[in-house]
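Trainee: Below you'll find the structure I mean.
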Amino acid sequence: MLINREIREKLDDIFYVLKLKNRSSQVSLDKTVKIEQILAYMEIIHSEIRKSSKKKKTVIVDSGAGNCYLSLLAYYFYEKIEQRNIEIHCIDYNKKLMESKRKLARDMGFTNMYFHASDIVNFTLDKPVDMVYSLHACDTATDKTMHLGIRCNAKTILSVACCQSSLKLKSNSLKSITRHKAFRDKTLMMIADSLRAILLEKSGYKVDIFDFVSSRYTDKNTMVRAIKKGFKQNIDHDEEYKKVSTEFRIKPYLEELLADAI
Ligand SMILES: C[S@@+](CC[C@H](N)C(=O)[O-])C[C@H]1O[C@@H](n2cnc3c(N)ncnc32)[C@H](O)[C@@H]1O
């Protein structure tokens with residue numbers, strides 16, 4: 001465990017500021033769930049970031065950042081606890097949210113945190129990026145996050161999808177499974193993320209998919225982790241992609257974004 005009990009106690013200060021905890025220790029279930037989600041996500045972020053030198057600036061992009069809890073926690077952890085040279089960019093097309101979080105970060109003295117009111121698809125950064133991540137970015141925002149990571153040549157891309165409302169499962173062979181709503185959502189997520197994984201692999205990333213936190217804290221707990229590696233895979237990505245996409249009649253938006261780039 002990288003974020004051990006001692007570090008968790010130190011992180012309480014940021015949870016008070018974010019109003020996820022209060023000094024009376026009475027925390028609502030919603031807030032407990034959010035704290036556990038972002039701490040578990042932080043573990044995965046840190047398992048990659050800790051591999052690079054503390055002196056070298058680490059540049060991170062949070063895509064579909066919303067209330068920015070995860071990135072405010074990450075910034076606090078790296079600057080105050082790890083004493084690492086860190087720069088974090090949060091993107092969300094909700095202008096009001098970005099303004100209020102910019103003010104909060106300024107009040108906290110988080111001078112290397114930047115907030116961009118923009119669609120992910122239009123965001124660019126003219127410097128090397130170490131990591132692009134998203135947590136529960138809605139629908140195609142997951143595809144836009146992966147595309148942003150590929151465009152920035154990010155060393156690591158992390159993504160946990162939320163709703164997949166623009167995708168529908170139309171496969172006849174799965175009807176007996178997908179008539180159960182719980183299975184429909186899970187099956188759709190498995191197929192969509194597997195197709196995205198093939199596209200990420202084709203773009204030079206090594207991909208693994210796993211549950212990053214217990215489903216007690218969210219049923220949307222599947223993380224896609226992609227790490228840039230100069231390696232060859234013995235798989236015909238185009239053929240694999242076509243096979244799965246045709247069988248289940250699903251095309252994640254990432255396919256279109258990557259095709260546009262050619
Ligand atoms: C469900 S919230 C998750 C927020 C945060 N990451 C979290 O875990 O609490 C999704 C956020 O993604 C933003 N979003 C969705 N699509 C986007 C896009 N294409 N460009 C920028 N922001 C987007 C929404 O405005 C919303 O704030």
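Convention: chains lettered A, B, ... in structure tokens order; per-chain residue numbering from 1; ligands numbered from 1 as shown.
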Residues within 7 Å of ligand 1 (only C-alpha atoms and all ligand atoms), as a VMD selection string?

Mentor: chain A and resid 63 to 69 91 to 94 118 to 121 134 to 138 140 to 141 144 162

Trainee: Take the residues just selected and output them with N, CA and C atoms as a PDB file, in the first residue's frame.

Mentor:
ATOM      1  N   SER A  63      -8.731  15.230 -17.023  1.00  0.00           N
ATOM      2  CA  SER A  63      -9.639  15.480 -18.139  1.00  0.00           C
ATOM      3  C   SER A  63     -11.085  15.200 -17.711  1.00  0.00           C
ATOM      4  N   GLY A  64     -11.942  16.252 -17.761  1.00  0.00           N
ATOM      5  CA  GLY A  64     -13.298  16.115 -17.206  1.00  0.00           C
ATOM      6  C   GLY A  64     -13.203  16.155 -15.689  1.00  0.00           C
ATOM      7  N   ALA A  65     -12.499  17.206 -15.211  1.00  0.00           N
ATOM      8  CA  ALA A  65     -12.080  17.247 -13.793  1.00  0.00           C
ATOM      9  C   ALA A  65     -13.226  17.525 -12.824  1.00  0.00           C
ATOM     10  N   GLY A  66     -14.293  18.185 -13.298  1.00  0.00           N
ATOM     11  CA  GLY A  66     -15.446  18.476 -12.434  1.00  0.00           C
ATOM     12  C   GLY A  66     -15.041  19.273 -11.210  1.00  0.00           C
ATOM     13  N   ASN A  67     -15.343  18.729 -10.023  1.00  0.00           N
ATOM     14  CA  ASN A  67     -15.003  19.457  -8.791  1.00  0.00           C
ATOM     15  C   ASN A  67     -13.506  19.353  -8.446  1.00  0.00           C
ATOM     16  N   CYS A  68     -12.751  18.655  -9.230  1.00  0.00           N
ATOM     17  CA  CYS A  68     -11.277  18.583  -9.119  1.00  0.00           C
ATOM     18  C   CYS A  68     -10.781  17.970  -7.809  1.00  0.00           C
ATOM     19  N   TYR A  69     -11.624  17.224  -7.096  1.00  0.00           N
ATOM     20  CA  TYR A  69     -11.186  16.632  -5.819  1.00  0.00           C
ATOM     21  C   TYR A  69      -9.909  15.809  -6.001  1.00  0.00           C
ATOM     22  N   ILE A  91      -9.143  20.161 -16.782  1.00  0.00           N
ATOM     23  CA  ILE A  91      -9.986  20.612 -17.900  1.00  0.00           C
ATOM     24  C   ILE A  91     -11.426  20.212 -17.621  1.00  0.00           C
ATOM     25  N   ASP A  92     -12.327  21.169 -17.833  1.00  0.00           N
ATOM     26  CA  ASP A  92     -13.757  20.837 -17.787  1.00  0.00           C
ATOM     27  C   ASP A  92     -14.486  21.943 -18.556  1.00  0.00           C
ATOM     28  N   TYR A  93     -15.522  21.551 -19.320  1.00  0.00           N
ATOM     29  CA  TYR A  93     -16.191  22.631 -20.056  1.00  0.00           C
ATOM     30  C   TYR A  93     -17.159  23.419 -19.180  1.00  0.00           C
ATOM     31  N   ASN A  94     -17.259  23.067 -17.901  1.00  0.00           N
ATOM     32  CA  ASN A  94     -18.082  23.834 -16.971  1.00  0.00           C
ATOM     33  C   ASN A  94     -17.257  25.023 -16.444  1.00  0.00           C
ATOM     34  N   SER A 118     -12.751  24.255 -21.105  1.00  0.00           N
ATOM     35  CA  SER A 118     -12.618  23.874 -22.513  1.00  0.00           C
ATOM     36  C   SER A 118     -13.198  22.478 -22.702  1.00  0.00           C
ATOM     37  N   ASP A 119     -13.606  22.184 -23.931  1.00  0.00           N
ATOM     38  CA  ASP A 119     -13.921  20.794 -24.262  1.00  0.00           C
ATOM     39  C   ASP A 119     -12.580  20.065 -24.348  1.00  0.00           C
ATOM     40  N   ILE A 120     -12.543  18.835 -23.851  1.00  0.00           N
ATOM     41  CA  ILE A 120     -11.287  18.058 -23.851  1.00  0.00           C
ATOM     42  C   ILE A 120     -10.712  17.982 -25.263  1.00  0.00           C
ATOM     43  N   VAL A 121     -11.610  17.853 -26.218  1.00  0.00           N
ATOM     44  CA  VAL A 121     -11.181  17.624 -27.598  1.00  0.00           C
ATOM     45  C   VAL A 121     -10.402  18.824 -28.170  1.00  0.00           C
ATOM     46  N   SER A 134      -8.612  10.476 -16.176  1.00  0.00           N
ATOM     47  CA  SER A 134      -9.987  10.933 -15.962  1.00  0.00           C
ATOM     48  C   SER A 134     -10.692   9.961 -15.024  1.00  0.00           C
ATOM     49  N   LEU A 135     -11.565  10.538 -14.220  1.00  0.00           N
ATOM     50  CA  LEU A 135     -12.393   9.735 -13.324  1.00  0.00           C
ATOM     51  C   LEU A 135     -13.847  10.079 -13.608  1.00  0.00           C
ATOM     52  N   HIS A 136     -14.572   9.097 -14.084  1.00  0.00           N
ATOM     53  CA  HIS A 136     -16.004   9.238 -14.341  1.00  0.00           C
ATOM     54  C   HIS A 136     -16.333  10.411 -15.257  1.00  0.00           C
ATOM     55  N   ALA A 137     -15.497  10.641 -16.237  1.00  0.00           N
ATOM     56  CA  ALA A 137     -15.834  11.633 -17.263  1.00  0.00           C
ATOM     57  C   ALA A 137     -16.968  10.999 -18.091  1.00  0.00           C
ATOM     58  N   CYS A 138     -17.976  11.782 -18.395  1.00  0.00           N
ATOM     59  CA  CYS A 138     -19.188  11.191 -18.976  1.00  0.00           C
ATOM     60  C   CYS A 138     -18.981  10.720 -20.419  1.00  0.00           C
ATOM     61  N   THR A 140     -18.584  10.047 -24.021  1.00  0.00           N
ATOM     62  CA  THR A 140     -17.458  10.132 -24.957  1.00  0.00           C
ATOM     63  C   THR A 140     -16.260  10.890 -24.369  1.00  0.00           C
ATOM     64  N   ALA A 141     -16.432  11.522 -23.200  1.00  0.00           N
ATOM     65  CA  ALA A 141     -15.297  12.212 -22.577  1.00  0.00           C
ATOM     66  C   ALA A 141     -14.178  11.213 -22.253  1.00  0.00           C
ATOM     67  N   LYS A 144     -12.335  10.956 -25.421  1.00  0.00           N
ATOM     68  CA  LYS A 144     -11.584  12.201 -25.633  1.00  0.00           C
ATOM     69  C   LYS A 144     -10.349  12.244 -24.736  1.00  0.00           C
ATOM     70  N   CYS A 162     -17.623   6.402 -17.069  1.00  0.00           N
ATOM     71  CA  CYS A 162     -18.874   6.562 -16.314  1.00  0.00           C
ATOM     72  C   CYS A 162     -19.990   5.982 -17.177  1.00  0.00           C
TER      73      CYS A 162
END

Trainee: Where in segment 37-133 of chain A does DSSP assign alpha helix (DSSP H), given as a ChimeraX atom specification?

Mentor: /A:37-49,69-76,95-107

Trainee: Store the residues of this selection in a file with N, CA and C atoms, as a tab-separated table (two decimals), in the first residue's frame.

Mentor:
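Ended up saving to again_31.tsv:
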chain	number	residue	atom	x	y	z
A	37	GLN	N	-12.76	6.51	-3.24
A	37	GLN	CA	-12.49	6.48	-4.69
A	37	GLN	C	-11.21	7.23	-5.03
A	38	ILE	N	-11.09	8.45	-4.50
A	38	ILE	CA	-9.93	9.25	-4.92
A	38	ILE	C	-8.62	8.77	-4.27
A	39	LEU	N	-8.73	8.18	-3.07
A	39	LEU	CA	-7.51	7.63	-2.46
A	39	LEU	C	-7.03	6.40	-3.25
A	40	ALA	N	-7.99	5.57	-3.68
A	40	ALA	CA	-7.62	4.38	-4.46
A	40	ALA	C	-7.04	4.80	-5.81
A	41	TYR	N	-7.63	5.83	-6.40
A	41	TYR	CA	-7.13	6.33	-7.70
A	41	TYR	C	-5.72	6.90	-7.52
A	42	MET	N	-5.54	7.61	-6.38
A	42	MET	CA	-4.24	8.22	-6.07
A	42	MET	C	-3.14	7.15	-5.99
A	43	GLU	N	-3.49	5.99	-5.44
A	43	GLU	CA	-2.53	4.86	-5.36
A	43	GLU	C	-2.01	4.51	-6.76
A	44	ILE	N	-2.93	4.45	-7.71
A	44	ILE	CA	-2.55	4.04	-9.07
A	44	ILE	C	-1.72	5.15	-9.73
A	45	ILE	N	-2.12	6.39	-9.50
A	45	ILE	CA	-1.34	7.51	-10.04
A	45	ILE	C	0.09	7.43	-9.49
A	46	HIS	N	0.18	7.26	-8.16
A	46	HIS	CA	1.50	7.29	-7.52
A	46	HIS	C	2.37	6.10	-7.91
A	47	SER	N	1.74	4.97	-8.19
A	47	SER	CA	2.54	3.80	-8.57
A	47	SER	C	3.31	4.08	-9.86
A	48	GLU	N	2.83	5.01	-10.68
A	48	GLU	CA	3.56	5.38	-11.91
A	48	GLU	C	4.48	6.58	-11.66
A	49	ILE	N	3.93	7.63	-11.04
A	49	ILE	CA	4.70	8.88	-10.87
A	49	ILE	C	5.98	8.65	-10.04
A	69	TYR	N	-11.62	17.22	-7.10
A	69	TYR	CA	-11.19	16.63	-5.82
A	69	TYR	C	-9.91	15.81	-6.00
A	70	LEU	N	-9.90	14.95	-7.03
A	70	LEU	CA	-8.76	14.06	-7.23
A	70	LEU	C	-7.48	14.86	-7.46
A	71	SER	N	-7.57	15.90	-8.28
A	71	SER	CA	-6.35	16.65	-8.62
A	71	SER	C	-5.91	17.56	-7.48
A	72	LEU	N	-6.87	18.09	-6.72
A	72	LEU	CA	-6.48	18.89	-5.55
A	72	LEU	C	-5.77	17.99	-4.53
A	73	LEU	N	-6.27	16.77	-4.39
A	73	LEU	CA	-5.61	15.81	-3.50
A	73	LEU	C	-4.21	15.47	-4.03
A	74	ALA	N	-4.12	15.21	-5.34
A	74	ALA	CA	-2.82	14.84	-5.94
A	74	ALA	C	-1.82	15.97	-5.77
A	75	TYR	N	-2.28	17.21	-6.01
A	75	TYR	CA	-1.36	18.35	-5.90
A	75	TYR	C	-0.85	18.47	-4.46
A	76	TYR	N	-1.78	18.39	-3.51
A	76	TYR	CA	-1.42	18.49	-2.09
A	76	TYR	C	-0.42	17.39	-1.72
A	95	LYS	N	-17.55	26.19	-17.03
A	95	LYS	CA	-16.75	27.39	-16.75
A	95	LYS	C	-16.81	27.79	-15.27
A	96	LYS	N	-18.04	27.71	-14.73
A	96	LYS	CA	-18.23	28.12	-13.32
A	96	LYS	C	-17.40	27.26	-12.38
A	97	LEU	N	-17.40	25.94	-12.64
A	97	LEU	CA	-16.61	25.03	-11.80
A	97	LEU	C	-15.13	25.36	-11.89
A	98	MET	N	-14.65	25.59	-13.11
A	98	MET	CA	-13.22	25.89	-13.29
A	98	MET	C	-12.85	27.20	-12.58
A	99	GLU	N	-13.76	28.19	-12.63
A	99	GLU	CA	-13.48	29.46	-11.95
A	99	GLU	C	-13.41	29.26	-10.44
A	100	SER	N	-14.38	28.51	-9.89
A	100	SER	CA	-14.40	28.35	-8.43
A	100	SER	C	-13.20	27.51	-7.96
A	101	LYS	N	-12.80	26.52	-8.74
A	101	LYS	CA	-11.65	25.69	-8.32
A	101	LYS	C	-10.33	26.44	-8.48
A	102	ARG	N	-10.28	27.34	-9.49
A	102	ARG	CA	-9.09	28.18	-9.66
A	102	ARG	C	-8.91	29.06	-8.43
A	103	LYS	N	-10.04	29.59	-7.95
A	103	LYS	CA	-9.99	30.47	-6.76
A	103	LYS	C	-9.55	29.65	-5.53
A	104	LEU	N	-10.14	28.46	-5.39
A	104	LEU	CA	-9.79	27.61	-4.25
A	104	LEU	C	-8.29	27.28	-4.26
A	105	ALA	N	-7.77	26.90	-5.44
A	105	ALA	CA	-6.35	26.54	-5.56
A	105	ALA	C	-5.47	27.75	-5.23
A	106	ARG	N	-5.91	28.93	-5.70
A	106	ARG	CA	-5.13	30.15	-5.43
A	106	ARG	C	-5.10	30.40	-3.92
A	107	ASP	N	-6.26	30.27	-3.27
A	107	ASP	CA	-6.34	30.50	-1.82
A	107	ASP	C	-5.44	29.52	-1.05

Trainee: Need the shell around Ile35 of chain A: protein/DNA/RNA residues with any atom at most 12 Å away, counting only C-alpha atoms. Skip same-chain ones fewer than 3 positions apart. Format as a compact mmCIF listing (two decimals) with N, CA and C atoms, in the first residue's frame?

Mentor:
# COMPACT_ATOMS: atom_id res chain seq x y z
N ARG A 8 -2.38 8.87 4.97
CA ARG A 8 -3.83 9.15 4.98
C ARG A 8 -4.15 10.19 6.03
N LEU A 11 -3.28 13.52 4.89
CA LEU A 11 -4.16 14.01 3.83
C LEU A 11 -5.47 14.58 4.38
N ASP A 12 -5.73 14.34 5.66
CA ASP A 12 -6.97 14.85 6.25
C ASP A 12 -7.12 16.35 6.05
N ILE A 14 -6.38 18.27 3.58
CA ILE A 14 -6.99 18.64 2.28
C ILE A 14 -8.46 18.22 2.27
N PHE A 15 -8.79 17.11 2.93
CA PHE A 15 -10.20 16.69 2.98
C PHE A 15 -11.06 17.70 3.76
N TYR A 16 -10.47 18.33 4.79
CA TYR A 16 -11.22 19.37 5.51
C TYR A 16 -11.48 20.55 4.58
N LEU A 18 -11.64 20.58 1.37
CA LEU A 18 -12.60 20.20 0.31
C LEU A 18 -13.98 19.89 0.88
N LYS A 19 -14.09 19.98 2.19
CA LYS A 19 -15.35 19.70 2.91
C LYS A 19 -15.81 18.25 2.71
N LEU A 20 -14.83 17.37 2.48
CA LEU A 20 -15.17 15.94 2.40
C LEU A 20 -15.13 15.32 3.79
N LYS A 21 -14.45 16.03 4.72
CA LYS A 21 -14.41 15.58 6.12
C LYS A 21 -14.61 16.81 6.99
N VAL A 27 -19.04 12.08 8.86
CA VAL A 27 -18.93 12.21 7.41
C VAL A 27 -20.06 11.44 6.76
N SER A 28 -20.72 12.07 5.77
CA SER A 28 -21.83 11.38 5.11
C SER A 28 -21.28 10.23 4.26
N LEU A 29 -22.15 9.27 3.96
CA LEU A 29 -21.73 8.11 3.18
C LEU A 29 -21.20 8.55 1.80
N ASP A 30 -21.89 9.53 1.19
CA ASP A 30 -21.46 10.05 -0.13
C ASP A 30 -20.01 10.50 -0.09
N LYS A 31 -19.68 11.20 0.99
CA LYS A 31 -18.32 11.75 1.09
C LYS A 31 -17.30 10.65 1.37
N THR A 32 -17.69 9.68 2.18
CA THR A 32 -16.79 8.54 2.46
C THR A 32 -16.48 7.82 1.15
N ILE A 38 -11.09 8.45 -4.50
CA ILE A 38 -9.93 9.25 -4.92
C ILE A 38 -8.62 8.77 -4.27
N LEU A 39 -8.73 8.18 -3.07
CA LEU A 39 -7.51 7.63 -2.46
C LEU A 39 -7.03 6.40 -3.25
N ALA A 40 -7.99 5.57 -3.68
CA ALA A 40 -7.62 4.38 -4.46
C ALA A 40 -7.04 4.80 -5.81
N TYR A 41 -7.63 5.83 -6.40
CA TYR A 41 -7.13 6.33 -7.70
C TYR A 41 -5.72 6.90 -7.52
N MET A 42 -5.54 7.61 -6.38
CA MET A 42 -4.24 8.22 -6.07
C MET A 42 -3.14 7.15 -5.99
N TYR A 69 -11.62 17.22 -7.10
CA TYR A 69 -11.19 16.63 -5.82
C TYR A 69 -9.91 15.81 -6.00
N LEU A 70 -9.90 14.95 -7.03
CA LEU A 70 -8.76 14.06 -7.23
C LEU A 70 -7.48 14.86 -7.46
N LEU A 73 -6.27 16.77 -4.39
CA LEU A 73 -5.61 15.81 -3.50
C LEU A 73 -4.21 15.47 -4.03
N VAL A 213 -10.93 0.04 -7.30
CA VAL A 213 -11.49 0.22 -5.95
C VAL A 213 -12.63 -0.77 -5.77
N TYR A 217 -17.63 1.17 -3.19
CA TYR A 217 -17.45 2.62 -3.28
C TYR A 217 -17.91 3.20 -4.62
N THR A 218 -18.03 2.37 -5.62
CA THR A 218 -18.66 2.74 -6.89
C THR A 218 -18.73 1.48 -7.76

Trainee: My list of candidates is A:Thr246, A:Thr178, A:Asn122, A:Thr142. Which is closest to Val224 of chain A when distances are computed with only C-alpha atoms?

Mentor: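 Result for the nearest residue to Val224 of chain A: A:Thr142.
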
Trainee: Would you mind listing what lies within 10 Å of Gln233 of chain A as a PyMOL selection string, with only C-alpha atoms counted and same-chain residues fewer than 5 positions away left out?

Mentor: chain A and resi 201-202+204+206

Trainee: Which residues are close to Leu258 of chain A, i.e. within 12 Å by only C-alpha atoms, leaving aside same-chain residues fewer than 5 positions away? Reply as a ChimeraX atom specification.

Mentor: /A:121,143-144,146-151,196,199-200,202-203,252-253

Trainee: Would you mind listing what lies within 8 Å of Met131 of chain A as a PyMOL selection string, with only C-alpha atoms counted and same-chain residues fewer than 5 positions away left out?

Mentor: chain A and resi 59-61+149+154-158

Trainee: Next, the residues of the selection above should be written as a PDB file, in the first residue's frame with N, CA and C atoms.

Mentor:
ATOM      1  N   VAL A  59       4.262  16.615 -15.144  1.00  0.00           N
ATOM      2  CA  VAL A  59       3.092  17.333 -15.677  1.00  0.00           C
ATOM      3  C   VAL A  59       1.926  16.356 -15.840  1.00  0.00           C
ATOM      4  N   ILE A  60       0.803  16.720 -15.216  1.00  0.00           N
ATOM      5  CA  ILE A  60      -0.383  15.853 -15.204  1.00  0.00           C
ATOM      6  C   ILE A  60      -1.579  16.626 -15.765  1.00  0.00           C
ATOM      7  N   VAL A  61      -2.439  15.941 -16.500  1.00  0.00           N
ATOM      8  CA  VAL A  61      -3.680  16.569 -17.003  1.00  0.00           C
ATOM      9  C   VAL A  61      -4.872  15.752 -16.497  1.00  0.00           C
ATOM     10  N   GLY A 149      -4.484  11.895 -24.372  1.00  0.00           N
ATOM     11  CA  GLY A 149      -3.248  11.234 -23.918  1.00  0.00           C
ATOM     12  C   GLY A 149      -2.380  10.832 -25.098  1.00  0.00           C
ATOM     13  N   ALA A 154       1.479  11.197 -23.899  1.00  0.00           N
ATOM     14  CA  ALA A 154       1.624  11.027 -22.446  1.00  0.00           C
ATOM     15  C   ALA A 154       2.208   9.654 -22.136  1.00  0.00           C
ATOM     16  N   LYS A 155       3.057   9.626 -21.100  1.00  0.00           N
ATOM     17  CA  LYS A 155       3.671   8.341 -20.726  1.00  0.00           C
ATOM     18  C   LYS A 155       2.615   7.391 -20.161  1.00  0.00           C
ATOM     19  N   THR A 156       1.652   7.966 -19.436  1.00  0.00           N
ATOM     20  CA  THR A 156       0.600   7.132 -18.828  1.00  0.00           C
ATOM     21  C   THR A 156      -0.772   7.757 -19.085  1.00  0.00           C
ATOM     22  N   ILE A 157      -1.728   6.916 -19.410  1.00  0.00           N
ATOM     23  CA  ILE A 157      -3.124   7.352 -19.536  1.00  0.00           C
ATOM     24  C   ILE A 157      -3.942   6.465 -18.600  1.00  0.00           C
ATOM     25  N   LEU A 158      -4.706   7.105 -17.709  1.00  0.00           N
ATOM     26  CA  LEU A 158      -5.585   6.349 -16.814  1.00  0.00           C
ATOM     27  C   LEU A 158      -7.012   6.813 -17.058  1.00  0.00           C
TER      28      LEU A 158
END

Trainee: Of the candidates A:Phe115, A:Tyr133, A:Lys34, A:Asn4, which shows the shortest atom-to-atom distance to Arg216 of chain A, using only C-alpha atoms?

Mentor: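 Of A:Phe115, A:Tyr133, A:Lys34, A:Asn4, the one nearest Arg216 of chain A, counting only C-alpha atoms, is A:Lys34.
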
Trainee: Pick the closest to Cys90 of chain A from A:Met1, A:Asp126, A:Gly109, A:Val132: which is it, counting only C-alpha atoms?

Mentor: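 Looking at the shortest contact to Cys90 of chain A, the residue is A:Val132.
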
Trainee: DSSP says strand (DSSP E or B) for which residues of segment 13-130 of chain A? Put them as a list in words?

Mentor: Thr58, Val59, Ile60, Val61, Asp62, Ser63, Ile86, Glu87, Ile88, His89, Cys90, Ile91, Asp92, Met113, Tyr114, Phe115, His116 and Ala117 of chain A

Trainee: Could you tell me how far atom CA of Ser52 of chain A sits from atom CA of Ser194 of chain A, in Å to one decimal place?

Mentor: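 It comes out at 28.7 Å.
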
Trainee: From the set A:Ile250, A:Ser159, A:Lys181, A:Lys55, which residue has the shortest atom-to-atom contact distance to Ile209 of chain A, counting only C-alpha atoms?

Mentor: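 Smallest separation from Ile209 of chain A among the options: A:Ser159.
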